[in-house]
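Okay, entry.txt now, which holds compact mmCIF, C-alpha atoms:
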```txt
# COMPACT_ATOMS: atom_id res chain seq x y z
CA ALA A 7 8.65 -25.26 35.24
CA ASP A 8 5.02 -26.39 35.05
CA LEU A 9 4.75 -25.13 31.48
CA ALA A 10 7.95 -26.95 30.56
CA LYS A 11 6.41 -30.13 31.99
CA LEU A 12 3.22 -29.54 30.02
CA HIS A 13 5.26 -29.10 26.84
CA SER A 14 7.06 -32.44 27.33
CA ALA A 15 6.05 -36.00 28.06
CA PRO A 16 7.33 -37.51 31.34
CA ASP A 17 10.37 -38.88 29.47
CA GLY A 18 11.22 -35.38 28.22
CA THR A 19 10.01 -35.95 24.65
CA PRO A 20 8.22 -32.82 23.32
CA TRP A 21 4.52 -33.22 22.64
CA ALA A 22 3.73 -31.94 19.16
CA PRO A 23 0.29 -30.42 19.89
CA ILE A 24 1.71 -27.70 22.15
CA VAL A 25 3.92 -25.51 19.99
CA GLY A 26 3.29 -21.93 21.06
CA LEU A 27 1.80 -19.52 23.54
CA GLY A 28 -0.61 -16.86 22.39
CA LEU A 29 -2.34 -13.93 24.01
CA GLN A 30 -5.82 -13.20 22.70
CA GLY A 31 -8.61 -10.76 23.37
CA PRO A 32 -9.05 -7.00 23.38
CA GLU A 33 -5.57 -5.49 23.43
CA ALA A 34 -6.50 -2.51 25.61
CA GLU A 35 -8.09 -4.66 28.31
CA PHE A 36 -5.39 -7.35 28.19
CA PRO A 37 -2.02 -5.63 27.71
CA PRO A 38 0.96 -7.97 27.39
CA GLU A 39 3.10 -6.72 30.29
CA PRO A 40 1.39 -8.82 33.01
CA PHE A 41 2.09 -11.94 30.94
CA GLU A 42 5.79 -11.31 30.35
CA ALA A 43 6.92 -13.95 32.88
CA ALA A 44 4.61 -16.57 31.36
CA PHE A 45 6.05 -15.89 27.92
CA ASP A 46 9.59 -16.09 29.31
CA ILE A 47 8.78 -19.53 30.71
CA ALA A 48 7.12 -20.61 27.47
CA ARG A 49 10.07 -19.54 25.32
CA ALA A 50 12.49 -21.23 27.71
CA ALA A 51 10.43 -24.41 27.26
CA GLY A 52 10.78 -24.16 23.48
CA LEU A 53 7.37 -22.72 22.69
CA MET A 54 6.91 -20.00 20.09
CA SER A 55 5.58 -16.62 21.24
CA ILE A 56 2.47 -15.75 19.20
CA PRO A 57 0.63 -12.84 20.90
CA HIS A 58 -2.24 -10.77 19.61
CA ALA A 59 -1.04 -7.24 18.79
CA GLY A 60 -1.47 -4.43 16.30
CA GLU A 61 -5.16 -4.87 15.62
CA HIS A 62 -7.18 -2.51 17.82
CA LEU A 63 -4.21 -0.83 19.43
CA GLY A 64 -1.56 0.77 17.28
CA PRO A 65 2.15 0.18 16.87
CA GLU A 66 2.85 0.43 20.60
CA SER A 67 1.18 -2.95 21.16
CA VAL A 68 3.43 -4.51 18.51
CA TRP A 69 6.56 -2.94 20.01
CA THR A 70 5.60 -4.42 23.38
CA ALA A 71 4.85 -7.83 21.87
CA ILE A 72 8.31 -8.08 20.34
CA SER A 73 10.27 -6.41 23.13
CA LYS A 74 8.53 -7.90 26.19
CA LEU A 75 7.09 -11.17 24.88
CA GLY A 76 9.69 -12.07 22.24
CA ALA A 77 7.02 -12.49 19.56
CA LYS A 78 8.00 -14.54 16.52
CA ARG A 79 4.53 -14.36 15.01
CA LEU A 80 1.80 -11.80 15.64
CA ALA A 81 -1.92 -12.41 15.52
CA HIS A 82 -2.76 -9.48 13.20
CA GLY A 83 0.01 -6.88 13.51
CA VAL A 84 -1.44 -4.78 10.68
CA ARG A 85 -1.32 -1.47 12.52
CA ALA A 86 2.46 -1.73 12.57
CA VAL A 87 2.27 0.13 9.21
CA GLU A 88 1.63 3.32 11.20
CA ASP A 89 5.28 3.27 12.35
CA PRO A 90 7.94 2.89 9.61
CA GLU A 91 10.64 2.12 12.19
CA LEU A 92 8.52 -0.73 13.54
CA VAL A 93 7.88 -2.09 10.05
CA ALA A 94 11.64 -2.13 9.45
CA LYS A 95 12.16 -3.92 12.79
CA LEU A 96 9.55 -6.58 11.94
CA ALA A 97 11.27 -7.15 8.60
CA GLU A 98 14.69 -7.32 10.26
CA LEU A 99 13.56 -9.78 12.94
CA LYS A 100 11.41 -11.73 10.46
CA VAL A 101 8.36 -11.56 12.73
CA CYS A 102 5.42 -12.96 10.77
CA CYS A 103 2.10 -11.09 10.86
CA ASP A 104 -0.80 -13.54 10.72
CA VAL A 105 -3.30 -11.27 9.00
CA CYS A 106 -7.09 -11.77 8.93
CA PRO A 107 -8.23 -9.24 6.29
CA SER A 108 -12.01 -9.71 6.43
CA SER A 109 -12.19 -9.46 10.20
CA ASN A 110 -9.99 -6.35 10.02
CA VAL A 111 -12.70 -4.77 7.86
CA LEU A 112 -15.61 -6.08 9.94
CA LEU A 113 -13.97 -4.76 13.13
CA ASN A 114 -13.15 -1.37 11.54
CA VAL A 115 -9.38 -1.80 11.72
CA THR A 116 -9.29 -0.80 8.04
CA PRO A 117 -12.16 0.70 6.03
CA SER A 118 -12.11 -1.89 3.23
CA LEU A 119 -10.16 -4.77 1.76
CA LYS A 120 -8.95 -2.45 -1.00
CA THR A 121 -7.25 -0.24 1.63
CA HIS A 122 -5.89 -3.12 3.70
CA PRO A 123 -2.23 -2.52 4.73
CA MET A 124 -1.11 -6.09 4.02
CA LEU A 125 0.58 -5.18 0.73
CA ALA A 126 2.53 -2.37 2.40
CA LEU A 127 3.86 -4.83 4.98
CA MET A 128 4.80 -7.34 2.29
CA LYS A 129 6.54 -4.71 0.15
CA ALA A 130 8.57 -3.67 3.21
CA GLY A 131 9.81 -7.24 3.66
CA VAL A 132 7.63 -8.18 6.63
CA PRO A 133 6.61 -11.85 6.48
CA VAL A 134 2.82 -12.04 6.22
CA SER A 135 0.49 -15.02 6.27
CA ILE A 136 -3.21 -14.97 5.53
CA ASN A 137 -5.66 -16.39 8.02
CA ALA A 138 -9.32 -16.63 8.91
CA ASP A 139 -10.29 -15.11 12.24
CA ASP A 140 -12.54 -16.61 14.90
CA PRO A 141 -14.79 -19.03 12.96
CA LEU A 142 -17.63 -18.66 15.47
CA LEU A 143 -17.70 -14.89 15.01
CA PHE A 144 -16.95 -14.76 11.27
CA LYS A 145 -18.88 -17.84 10.12
CA SER A 146 -18.73 -17.30 6.39
CA VAL A 147 -15.08 -16.38 5.95
CA GLY A 148 -12.52 -19.18 5.65
CA VAL A 149 -8.89 -19.11 4.58
CA LEU A 150 -9.75 -19.92 0.95
CA ASP A 151 -12.25 -17.03 0.97
CA GLU A 152 -9.48 -14.75 2.22
CA PHE A 153 -7.15 -15.83 -0.59
CA ARG A 154 -9.90 -15.19 -3.15
CA SER A 155 -10.51 -11.76 -1.64
CA MET A 156 -6.84 -10.87 -1.86
CA ARG A 157 -6.80 -11.78 -5.56
CA GLY A 158 -9.99 -9.81 -6.19
CA GLU A 159 -9.76 -6.82 -3.87
CA LEU A 160 -5.98 -6.26 -3.69
CA ALA A 161 -5.26 -7.66 -7.18
CA MET A 162 -2.61 -9.99 -5.77
CA ASP A 163 -0.93 -12.17 -8.37
CA ASP A 164 0.06 -15.82 -8.06
CA ILE A 165 3.54 -14.99 -6.75
CA GLN A 166 2.12 -12.86 -3.92
CA LEU A 167 -0.49 -15.48 -3.02
CA ALA A 168 2.20 -18.18 -3.01
CA GLU A 169 4.32 -15.97 -0.74
CA LEU A 170 1.44 -15.79 1.75
CA ALA A 171 0.99 -19.56 1.68
CA THR A 172 4.74 -20.15 1.96
CA ASN A 173 5.03 -17.82 4.95
CA SER A 174 2.26 -19.67 6.76
CA LEU A 175 4.41 -22.79 6.46
CA ILE A 176 7.96 -21.58 7.06
CA TYR A 177 6.95 -19.51 10.09
CA ALA A 178 4.81 -22.28 11.58
CA ALA A 179 5.90 -23.92 14.80
CA CYS A 180 5.12 -27.31 13.29
CA PRO A 181 7.59 -29.90 14.58
CA ASP A 182 7.02 -32.14 11.52
CA GLN A 183 9.49 -30.62 9.06
CA ASP A 184 8.78 -33.35 6.49
CA LEU A 185 5.16 -32.23 6.44
CA ILE A 186 6.25 -28.61 5.99
CA LYS A 187 8.55 -29.61 3.10
CA ASP A 188 5.74 -31.54 1.41
CA CYS A 189 3.37 -28.60 1.76
CA LEU A 190 5.99 -26.21 0.39
CA LYS A 191 6.39 -28.50 -2.63
CA GLY A 192 2.62 -28.25 -3.09
CA VAL A 193 2.79 -24.44 -3.12
CA GLU A 194 5.66 -24.57 -5.64
CA ALA A 195 3.69 -26.98 -7.85
CA TRP A 196 0.64 -24.72 -7.71
CA LEU A 197 2.75 -21.72 -8.65
CA ALA A 198 4.38 -23.59 -11.55
CA ALA A 199 1.01 -24.69 -12.96
CA GLU A 200 -0.97 -22.82 -15.60
CA PRO A 201 -2.05 -19.27 -14.70
CA LYS A 202 -5.07 -19.20 -12.41
CA PRO A 203 -8.27 -17.23 -13.09
```
Rewritten as structure tokens:
Amino acid sequence: ADLAKLHSAPDGTPWAPIVGLGLQGPEAEFPPEPFEAAFDIARAAGLMSIPHAGEHLGPESVWTAISKLGAKRLAHGVRAVEDPELVAKLAELKVCCDVCPSSNVLLNVTPSLKTHPMLALMKAGVPVSINADDPLLFKSVGVLDEFRSMRGELAMDDIQLAELATNSLIYAACPDQDLIKDCLKGVEAWLAAEPKP
């Protein structure tokens, strides 16, 4: 009830800045089960469930995030590739993995950008967005840097890069759908422009 009040103004109007509930930190030390009730309350209040899973712990953390916390987006989620059944479930449920490739390499989740599992998730139909991780910890890597890395290291083409950008918009919990539509038009215009170097 308190979370529902926090999500809405006294007159019941939703406040735009609060759109989701996440769960961050080391997955082994902060498993999702103790937070299940909080996520139930958040979802009942209209907030999106966006827990951290599938980075340091394997597929089991992703299974728990979707089954216990009702995740619609996952912070990371890349280790889901270790379980084909889970990958199929993420694709079926359209759970978006918010992937941070450079931090995955820096934190030894994957040995290099060239071996990053993002393409495998995309090819399996899992929605993926590209993100920059904690800016205080990874000072030099921003979202644009990540896009450049994906073109260079994973040889992603314009269509794949546009898919990543599109996913970040259509799976956002942004209440301003006009803004989302305008941004999607921008992605379409970029894709329709001359080939990019």
Open item on the list: Under the rule that only C-alpha atoms are counted, which of A:Leu143, A:Ala94, A:Met54, A:Ile24 is the nearest residue to Leu113 (chain A)?
Closed with: A:Leu143
Which centre and edge lengths in Å to one decimal define the box along x, y and z that fits every listed atom of region 105-117 of chain A plus 5 Å per side, as lines of an AutoDock Vina configuration file?
```
center_x = -9.5
center_y = -5.5
center_z = 9.6
size_x = 22.3
size_y = 22.5
size_z = 17.1
```
Task: Spatial neighbours of Ala48 (chain A), max dist 8 Å, only C-alpha atoms, sep filter under 3 positions, as a PyMOL selection string - done: chain A and resi 9-10+26-27+44-45+51-55
TODO: May I ask which of the residues A:Ala81, A:Leu142, A:Leu197, A:Leu127 is the closest one to Ala171 (chain A), counting all atoms listed in the file?
DONE: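 Closest to Ala171 (chain A) of all the choices is A:Leu197.
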Identify, on the basis of only C-alpha atoms, every residue whose closest approach to Asn110 (chain A) does not exceed 8 Å; exclude the query and any residue fewer than 5 positions from it along the same chain; express the result as an mmCIF file with C-alpha atoms, in the coordinates of the input.
```
data_model
loop_
_atom_site.group_PDB
_atom_site.id
_atom_site.type_symbol
_atom_site.label_atom_id
_atom_site.label_comp_id
_atom_site.auth_asym_id
_atom_site.auth_seq_id
_atom_site.Cartn_x
_atom_site.Cartn_y
_atom_site.Cartn_z
ATOM 1 C CA GLU A 61 -5.160 -4.870 15.620
ATOM 2 C CA VAL A 115 -9.380 -1.800 11.720
ATOM 3 C CA THR A 116 -9.290 -0.800 8.040
#
```
TODO: Could you please determine the separation between CA of Lys74 (chain A) and CA of Val111 (chain A) in Å, to one decimal place?
DONE: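 Distance between the two atoms: 28.2 Å.
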Task: Non-local contacts of Gln166 (chain A) (10 Å; all atoms listed in the file; under 3 positions in same chain excluded) as a PyMOL selection string - done: chain A and resi 125+128+156-157+161-163+169-172
Task: All residues 12 Å or closer to Ser67 (chain A), only C-alpha atoms, same chain fewer than 6 positions away omitted, as a count of residues only - done: 28
Task: Residue among A:Leu185, A:Ile136, A:Ala178, A:Leu119 lying closest to Leu160 (chain A), counting all atoms listed in the file - done: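 Looking only at the distances to Leu160 (chain A), the closest residue turns out to be A:Leu119.
Between CA of Val68 (chain A) and CA of Ser174 (chain A) the interatomic distance comes to 19.2 Å.
CA of Pro90 (chain A) is found 20.5 Å from CA of Pro117 (chain A).
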For Lys100 (chain A): contacts at 12 Å, all atoms listed in the file, fewer than 5 positions along chain excluded, given as a compact mmCIF listing (two decimals) with C-alpha atoms, in the coordinates of the input:
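Result saved to result_23.txt:
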```
# COMPACT_ATOMS: atom_id res chain seq x y z
CA ILE A 72 8.31 -8.08 20.34
CA GLY A 76 9.69 -12.07 22.24
CA ALA A 77 7.02 -12.49 19.56
CA LYS A 78 8.00 -14.54 16.52
CA ARG A 79 4.53 -14.36 15.01
CA LEU A 80 1.80 -11.80 15.64
CA LEU A 92 8.52 -0.73 13.54
CA VAL A 93 7.88 -2.09 10.05
CA ALA A 94 11.64 -2.13 9.45
CA LYS A 95 12.16 -3.92 12.79
CA LEU A 127 3.86 -4.83 4.98
CA MET A 128 4.80 -7.34 2.29
CA ALA A 130 8.57 -3.67 3.21
CA GLY A 131 9.81 -7.24 3.66
CA VAL A 132 7.63 -8.18 6.63
CA PRO A 133 6.61 -11.85 6.48
CA VAL A 134 2.82 -12.04 6.22
CA ASN A 173 5.03 -17.82 4.95
CA ILE A 176 7.96 -21.58 7.06
CA TYR A 177 6.95 -19.51 10.09
```
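Using only C-alpha atoms, the nearest neighbour of Arg154 (chain A) within the list A:Glu66, A:Ala97, A:Ser108, A:Ala198 is A:Ser108.
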Open item on the list: Just checking: using only C-alpha atoms, which residue out of A:Lys187, A:His62, A:Thr70, A:Val147 ends up closest to Glu42 (chain A)?
Closed with: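 So, comparing all the options, the nearest one is A:Thr70.
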